[in-house]
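What's in model25.cif: mmCIF, C-alpha atoms
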data_target
loop_
_atom_site.label_atom_id
_atom_site.label_comp_id
_atom_site.auth_asym_id
_atom_site.auth_seq_id
_atom_site.Cartn_x
_atom_site.Cartn_y
_atom_site.Cartn_z
CA MET A 3 0.00 0.00 0.00
CA SER A 4 1.51 3.28 -1.09
CA LEU A 5 1.85 6.23 1.21
CA GLY A 6 -1.01 8.71 1.20
CA LEU A 7 -2.57 11.63 2.99
CA GLU A 8 -4.36 9.38 5.48
CA HIS A 9 -1.11 7.95 6.86
CA TYR A 10 0.24 11.38 7.71
CA LEU A 11 -3.07 12.63 9.10
CA ILE A 12 -3.48 9.64 11.41
CA LEU A 13 0.14 9.94 12.58
CA SER A 14 -0.52 13.62 13.23
CA GLY A 15 -3.70 12.74 15.15
CA ILE A 16 -1.88 10.20 17.32
CA LEU A 17 0.83 12.74 18.10
CA PHE A 18 -1.77 15.43 18.88
CA CYS A 19 -3.59 13.14 21.33
CA ILE A 20 -0.36 12.16 23.09
CA GLY A 21 0.34 15.87 23.55
CA LEU A 22 -3.24 16.53 24.68
CA TYR A 23 -3.06 13.76 27.29
CA GLY A 24 0.24 15.06 28.61
CA ALA A 25 -0.92 18.68 28.71
CA LEU A 26 -4.01 17.73 30.72
CA ALA A 27 -2.47 15.11 33.01
CA LYS A 28 0.88 16.61 34.06
CA ARG A 29 1.65 18.69 37.14
CA ASN A 30 5.03 20.10 36.15
CA ALA A 31 4.58 23.36 34.20
CA VAL A 32 7.63 22.72 31.97
CA ALA A 33 6.26 19.26 31.10
CA ILE A 34 2.92 20.82 30.13
CA LEU A 35 4.76 23.28 27.87
CA MET A 36 6.65 20.40 26.23
CA CYS A 37 3.37 18.59 25.54
CA ILE A 38 1.92 21.75 23.95
CA GLU A 39 4.98 21.85 21.66
CA ILE A 40 4.21 18.24 20.64
CA MET A 41 0.65 19.28 19.77
CA LEU A 42 1.86 22.22 17.65
CA ASN A 43 4.25 19.90 15.81
CA ALA A 44 1.38 17.50 15.11
CA VAL A 45 -0.63 20.34 13.55
CA ASN A 46 2.37 21.33 11.42
CA ILE A 47 2.66 17.75 10.12
CA ALA A 48 -1.01 17.84 9.11
CA MET A 49 -0.54 21.22 7.35
CA ILE A 50 2.44 20.02 5.32
CA ALA A 51 0.79 16.68 4.50
CA PHE A 52 -2.21 18.59 3.11
CA SER A 53 0.02 20.83 1.02
CA ARG A 54 1.83 17.80 -0.40
CA TYR A 55 -1.01 15.35 -1.04
CA LEU A 56 -4.25 17.30 -1.51
CA VAL A 57 -3.43 18.14 -5.15
CA PRO A 58 -1.61 15.25 -6.89
CA ASP A 59 2.00 15.69 -8.07
CA VAL A 60 2.26 19.27 -6.88
CA VAL A 61 3.11 21.02 -3.59
CA VAL A 62 0.68 23.83 -2.72
CA LEU A 63 2.80 26.20 -0.68
CA THR A 64 0.06 27.81 1.40
CA GLY A 65 0.40 24.99 3.93
CA HIS A 66 4.12 25.67 4.21
CA VAL A 67 3.44 29.37 4.85
CA PHE A 68 0.97 28.49 7.61
CA ALA A 69 3.50 26.09 9.14
CA ILE A 70 6.10 28.89 9.21
CA PHE A 71 3.66 31.16 11.05
CA ILE A 72 2.82 28.39 13.54
CA MET A 73 6.55 27.92 14.24
CA THR A 74 6.97 31.68 14.80
CA VAL A 75 4.11 31.84 17.27
CA ALA A 76 5.33 28.65 19.00
CA ALA A 77 8.78 30.18 19.50
CA ALA A 78 7.30 33.38 20.96
CA GLU A 79 4.95 31.36 23.17
CA ALA A 80 7.78 29.16 24.49
CA ALA A 81 9.91 32.19 25.38
CA VAL A 82 7.11 33.97 27.27
CA ALA A 83 5.86 30.79 28.96
CA LEU A 84 9.32 29.85 30.23
CA ALA A 85 9.82 33.39 31.54
CA ILE A 86 6.53 33.15 33.43
CA ILE A 87 7.47 29.70 34.79
CA ILE A 88 10.83 31.01 36.04
CA THR A 89 9.09 33.97 37.70
CA ILE A 90 6.61 31.63 39.44
CA TYR A 91 9.48 29.40 40.56
CA ARG A 92 11.26 32.40 42.11
CA SER A 93 8.27 33.41 44.18
CA ARG A 94 7.05 29.90 45.15
CA THR A 95 10.11 27.58 44.70
CA SER A 96 7.80 25.11 42.94
CA ILE A 97 6.38 24.81 39.43
CA ASP A 98 3.56 22.44 40.35
CA VAL A 99 0.54 23.86 38.53
CA GLU A 100 -1.83 22.62 41.23
CA GLY A 101 -0.09 24.90 43.72
CA VAL A 102 -0.71 28.04 41.64
CA ASP A 103 -4.26 28.75 42.83
CA SER A 104 -4.13 32.22 44.40
CA MET A 105 -6.80 33.46 41.95
CA GLN A 106 -9.16 30.62 42.83
CA GLY A 107 -12.51 31.93 44.08
CA MET B 1158 11.84 3.26 -0.12
CA ILE B 1159 9.97 6.29 1.18
CA GLU B 1160 7.41 3.97 2.80
CA VAL B 1161 10.17 2.29 4.85
CA ALA B 1162 11.46 5.70 5.90
CA PHE B 1163 7.96 6.80 6.86
CA TRP B 1164 7.31 3.79 9.07
CA ILE B 1165 10.69 4.05 10.84
CA ILE B 1166 10.16 7.78 11.46
CA ALA B 1167 6.59 7.19 12.64
CA ILE B 1168 7.69 4.58 15.19
CA VAL B 1169 10.49 6.83 16.48
CA LEU B 1170 8.14 9.82 16.63
CA VAL B 1171 5.30 8.13 18.49
CA GLY B 1172 7.71 6.30 20.80
CA SER B 1173 9.63 9.43 21.79
CA ALA B 1174 6.42 11.45 22.23
CA LEU B 1175 4.99 8.75 24.50
CA ALA B 1176 8.24 8.68 26.45
CA VAL B 1177 8.06 12.49 26.92
CA VAL B 1178 4.67 12.04 28.57
CA LEU B 1179 5.41 8.90 30.59
CA ILE B 1180 9.02 9.28 31.76
CA ARG B 1181 9.60 10.48 35.32
CA ASP B 1182 12.70 12.66 34.90
CA VAL B 1183 11.89 16.06 33.32
CA PHE B 1184 15.41 16.49 31.95
CA ARG B 1185 15.31 13.16 30.09
CA ALA B 1186 11.85 14.08 28.83
CA ALA B 1187 13.32 17.26 27.33
CA LEU B 1188 16.07 15.27 25.58
CA LEU B 1189 13.45 12.87 24.18
CA LEU B 1190 11.40 15.87 23.04
CA ILE B 1191 14.42 17.06 21.04
CA MET B 1192 14.59 13.59 19.43
CA CYS B 1193 10.90 13.96 18.64
CA PHE B 1194 11.62 17.32 16.93
CA PHE B 1195 14.35 15.67 14.83
CA ALA B 1196 11.92 12.94 13.77
CA VAL B 1197 9.40 15.61 12.71
CA ALA B 1198 12.14 17.26 10.61
CA ALA B 1199 12.80 13.90 8.93
CA LEU B 1200 9.08 13.54 8.28
CA TYR B 1201 9.08 16.97 6.56
CA ILE B 1202 11.80 15.69 4.21
CA THR B 1203 9.57 12.76 3.18
CA LEU B 1204 6.90 15.39 2.38
CA ASN B 1205 9.18 17.42 0.02
CA ALA B 1206 9.43 20.26 2.55
CA ASP B 1207 13.19 20.84 2.57
CA PHE B 1208 13.09 24.45 3.80
CA LEU B 1209 10.73 23.60 6.65
CA ALA B 1210 12.92 20.67 7.71
CA ALA B 1211 15.85 23.07 8.04
CA VAL B 1212 13.70 25.59 9.92
CA GLN B 1213 12.46 22.81 12.21
CA VAL B 1214 16.02 21.85 13.16
CA LEU B 1215 17.09 25.49 13.62
CA VAL B 1216 14.06 26.78 15.54
CA TYR B 1217 12.81 23.77 17.49
CA VAL B 1218 15.99 21.79 18.15
CA GLY B 1219 18.29 24.80 18.28
CA ALA B 1220 16.21 27.45 20.02
CA ILE B 1221 13.24 25.90 21.82
CA GLY B 1222 15.16 22.78 22.90
CA VAL B 1223 17.97 24.80 24.47
CA LEU B 1224 15.44 27.17 26.06
CA LEU B 1225 13.55 24.25 27.63
CA ILE B 1226 16.75 22.71 29.00
CA PHE B 1227 17.75 26.07 30.48
CA ALA B 1228 14.33 26.41 32.12
CA ILE B 1229 14.59 22.89 33.59
CA MET B 1230 18.06 23.67 34.94
CA LEU B 1231 16.79 26.88 36.54
CA THR B 1232 13.67 25.33 38.07
CA ARG B 1233 14.89 21.85 38.91
CA ASP B 1234 12.53 20.22 41.37
CA LEU B 1235 14.13 16.85 42.07
CA ARG B 1236 11.82 15.92 44.92
CA HIS B 1237 8.73 15.86 42.78
CA GLY B 1238 9.99 14.81 39.35
CA ASN B 1239 7.30 14.73 36.69
CA PRO B 1240 4.15 13.23 38.26
CA PHE B 1241 0.63 12.95 36.93
CA ASN B 1242 -2.16 15.00 38.52
CA ARG B 1243 -5.57 13.96 39.81
CA ILE B 1244 -7.42 14.05 36.49
CA SER B 1245 -5.03 11.80 34.56
CA GLY B 1246 -7.73 9.12 34.15
CA PRO B 1247 -10.35 11.42 32.58
CA ALA B 1248 -7.60 13.09 30.54
CA LEU B 1249 -6.62 9.71 29.06
CA LEU B 1250 -10.26 9.01 28.24
CA LEU B 1251 -10.65 12.42 26.58
CA ALA B 1252 -7.45 11.97 24.55
CA LEU B 1253 -8.62 8.56 23.32
CA LEU B 1254 -12.02 10.02 22.37
CA VAL B 1255 -10.35 12.83 20.41
CA LEU B 1256 -8.11 10.26 18.70
CA ALA B 1257 -11.10 8.11 17.75
CA THR B 1258 -12.86 11.19 16.33
CA ILE B 1259 -9.82 12.24 14.28
CA VAL B 1260 -9.26 8.74 12.89
CA GLY B 1261 -12.95 8.37 12.06
CA VAL B 1262 -13.07 11.70 10.21
CA VAL B 1263 -9.82 11.04 8.33
CA ILE B 1264 -10.97 7.61 7.16
CA GLY B 1265 -14.54 8.71 6.43
CA THR B 1266 -13.64 11.72 4.28
CA ASP B 1267 -13.24 11.42 0.52
CA TRP B 1268 -10.07 13.47 0.13
CA ASP B 1269 -10.10 13.33 -3.68
CA ALA B 1270 -13.34 15.33 -3.69
CA VAL B 1271 -11.69 18.31 -1.99
CA SER B 1272 -8.55 18.44 -4.12
CA GLN B 1273 -9.56 21.55 -6.05
CA THR B 1274 -6.53 23.62 -6.91
CA SER B 1275 -6.70 27.35 -6.24
CA ASN B 1276 -4.60 30.28 -7.37
CA ALA B 1277 -2.04 29.54 -4.64
CA VAL B 1278 1.64 29.13 -5.52
CA ASN B 1279 2.36 25.55 -6.65
CA VAL B 1280 5.65 23.70 -7.01
CA PRO B 1281 6.14 20.37 -8.83
CA VAL B 1282 7.18 17.52 -6.55
CA ASP B 1283 10.97 16.90 -6.35
CA GLU B 1284 11.83 20.56 -6.80
CA PRO B 1285 13.38 22.75 -4.06
CA THR B 1286 10.74 24.85 -2.31
CA THR B 1287 12.77 27.67 -0.74
CA SER B 1288 12.48 30.34 -3.45
CA HIS B 1289 8.85 29.42 -4.07
CA ILE B 1290 8.05 29.90 -0.36
CA ALA B 1291 9.42 33.43 -0.67
CA GLU B 1292 7.14 33.94 -3.66
CA ALA B 1293 4.14 32.54 -1.76
CA LEU B 1294 4.88 34.81 1.22
CA PHE B 1295 5.58 38.06 -0.59
CA ASN B 1296 3.75 38.12 -3.93
CA GLN B 1297 1.49 41.07 -4.71
CA ASP B 1298 -1.82 39.30 -5.29
CA ASN B 1299 -2.34 36.71 -2.54
CA GLY B 1300 0.78 37.01 -0.41
CA PHE B 1301 1.14 37.17 3.36
CA VAL B 1302 3.03 40.46 3.80
CA LEU B 1303 0.89 41.93 6.59
CA PRO B 1304 0.85 38.67 8.67
CA PHE B 1305 4.63 38.52 8.19
CA GLU B 1306 5.05 42.02 9.61
CA ILE B 1307 2.67 41.25 12.49
CA ALA B 1308 4.68 38.09 13.26
CA SER B 1309 7.88 40.12 13.47
CA VAL B 1310 6.25 42.60 15.87
CA LEU B 1311 4.93 39.64 17.91
CA LEU B 1312 8.45 38.21 18.18
CA LEU B 1313 9.79 41.59 19.33
CA ALA B 1314 7.04 41.92 21.93
CA ALA B 1315 7.65 38.37 23.21
CA LEU B 1316 11.40 39.06 23.42
CA ILE B 1317 10.93 42.25 25.44
CA GLY B 1318 8.26 40.61 27.61
CA ALA B 1319 10.49 37.64 28.44
CA VAL B 1320 13.43 39.89 29.32
CA VAL B 1321 11.25 42.09 31.57
CA LEU B 1322 9.73 39.07 33.32
CA VAL B 1323 12.94 37.26 34.25
CA ARG B 1324 15.10 40.32 34.97
CA HIS B 1325 16.24 40.54 38.60
CA LYS B 1326 15.03 43.72 40.22
CA GLU B 1327 18.04 45.37 41.90
CA LYS B 1328 16.13 47.13 44.65
CA ASP B 1329 12.60 48.39 44.86
#

Here is the file; what I need is its structure written in the form of structure tokens.
Amino acid sequence: MSLGLEHYLILSGILFCIGLYGALAKRNAVAILMCIEIMLNAVNIAMIAFSRYLVPDVVVLTGHVFAIFIMTVAAAEAAVALAIIITIYRSRTSIDVEGVDSMQG
Amino acid sequence: MIEVAFWIIAIVLVGSALAVVLIRDVFRAALLLIMCFFAVAALYITLNADFLAAVQVLVYVGAIGVLLIFAIMLTRDLRHGNPFNRISGPALLLALLVLATIVGVVIGTDWDAVSQTSNAVNVPVDEPTTSHIAEALFNQDNGFVLPFEIASVLLLAALIGAVVLVRHKEKD
């Protein structure tokens, strides 16, 4: 069976769900950030698979452009999120997300 | 040939992503995440995305990987490691439901019916994509010039925000 769009989309879906599970089930803030990066990578794989396979024998570059923008936003998000995590660690000496509840009603 | 490469990369990718979620040591999880990023770059090469594979290695492995390792070094919490929280059972159930939905939709959709070509920039397979990506980003008719400028301002704002957040205050 030759390789097609479905293979890449299902691989991307598996990767997205692994990231989703980790992002929901972890307590360490850095681990949650890593799982979100896995999810963004899964979306990028789906974008590039669409741009390669949706029209036969041609690469439609709009998917590549979207993937570049996703990477840009992911880099900005990682920088800001890690800065926030380091700030929280300084004030609480812990990055357990269940301990950060001072805004809980 | 490319099928063999795809299956090897897929096994490495899913295995390292699972290990990132399941392993107890956060530092080892970060190293496995970098391996996962490399596998994604290899997957881009099987999809004729040479420029994006290079960008993946530069941005994710080079920048985000090093940033994550620095953050783990600065916030190392050896007593707790990388445990699961209280809702890990429902989270697993939700993730499996989402996976079932995605697989069902992917298999149930007739992808040939949606393969209408538009006026977007196209490249024949087996041709380098770098110069064509520049054309797709910056052409006059349907380019992405304004989003590109907004992305650069976003990066500047994120840079300044991160510096302000982690800067030590000398004295108040």

Selected by the PyMOL selection byres ((chain A and resi 3-10) around 9) in the shown coordinates: which residues, as a PyMOL selection string? (chain A and resi 11-15+47-48+51-52+54-56) or (chain B and resi 1159-1160+1163+1260+1263-1264+1268)

Could you turn the residues from that selection into a file that holds C-alpha atoms, as a CSV table (one decimal), in the frame of the given file?
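Result file result.csv:
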chain,number,residue,atom,x,y,z
A,11,LEU,CA,-3.1,12.6,9.1
A,12,ILE,CA,-3.5,9.6,11.4
A,13,LEU,CA,0.1,9.9,12.6
A,14,SER,CA,-0.5,13.6,13.2
A,15,GLY,CA,-3.7,12.7,15.2
A,47,ILE,CA,2.7,17.8,10.1
A,48,ALA,CA,-1.0,17.8,9.1
A,51,ALA,CA,0.8,16.7,4.5
A,52,PHE,CA,-2.2,18.6,3.1
A,54,ARG,CA,1.8,17.8,-0.4
A,55,TYR,CA,-1.0,15.4,-1.0
A,56,LEU,CA,-4.2,17.3,-1.5
B,1159,ILE,CA,10.0,6.3,1.2
B,1160,GLU,CA,7.4,4.0,2.8
B,1163,PHE,CA,8.0,6.8,6.9
B,1260,VAL,CA,-9.3,8.7,12.9
B,1263,VAL,CA,-9.8,11.0,8.3
B,1264,ILE,CA,-11.0,7.6,7.2
B,1268,TRP,CA,-10.1,13.5,0.1

Which one of B:Leu1322, B:Met1230, B:Leu1215, B:Phe1295 sits closest to chain A if you count all atoms listed in the file? B:Leu1322

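Taking CA of Ala1315 in chain B as the reference point, CA of Ala85 in chain A is found at 9.9 Å.
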
Residue hits in chain A, query chain B, radius 6 Å, all atoms listed in the file, as a list in words: Cys19, Tyr23, Gly24, Leu26, Ala27, Lys28, Arg29, Asn30, Leu56, Val57, Asp59, Val60, Val61, Val62, Leu63, Ala78, Val82 and Ala85 of chain A

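Put simply, CA of Asn46 in chain A is 9.9 Å away from CA of Phe71 in chain A.
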
Check the smallest atom-to-atom distance from each of A:Ala80, A:Val67, A:Ile86, A:Leu17 to Asn43 in chain A using all atoms listed in the file, then report the winner. A:Leu17

Between CA of Met73 in chain A and CA of Met41 in chain A, what is the spacing in Å? 11.8 Å

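Using the PyMOL selection byres ((chain A and resi 99) around 8) on this structure selects Arg29, Asn30, Ala31, Ile97, Asp98, Glu100, Gly101 and Val102 of chain A.
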
Output, as AutoDock Vina command-line options, the centre and edge lengths in Å (one decimal) of the axis-aligned box that contains all listed atoms of range 1201-1215 of chain B with 6 Å of margin on each side.
--center_x 12.0 --center_y 19.2 --center_z 6.8 --size_x 22.2 --size_y 24.8 --size_z 25.6

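Among the candidates A:Ile87, A:Ala25, A:Val32, A:Met49, the one nearest to Ile72 in chain A when counting only C-alpha atoms is A:Met49.
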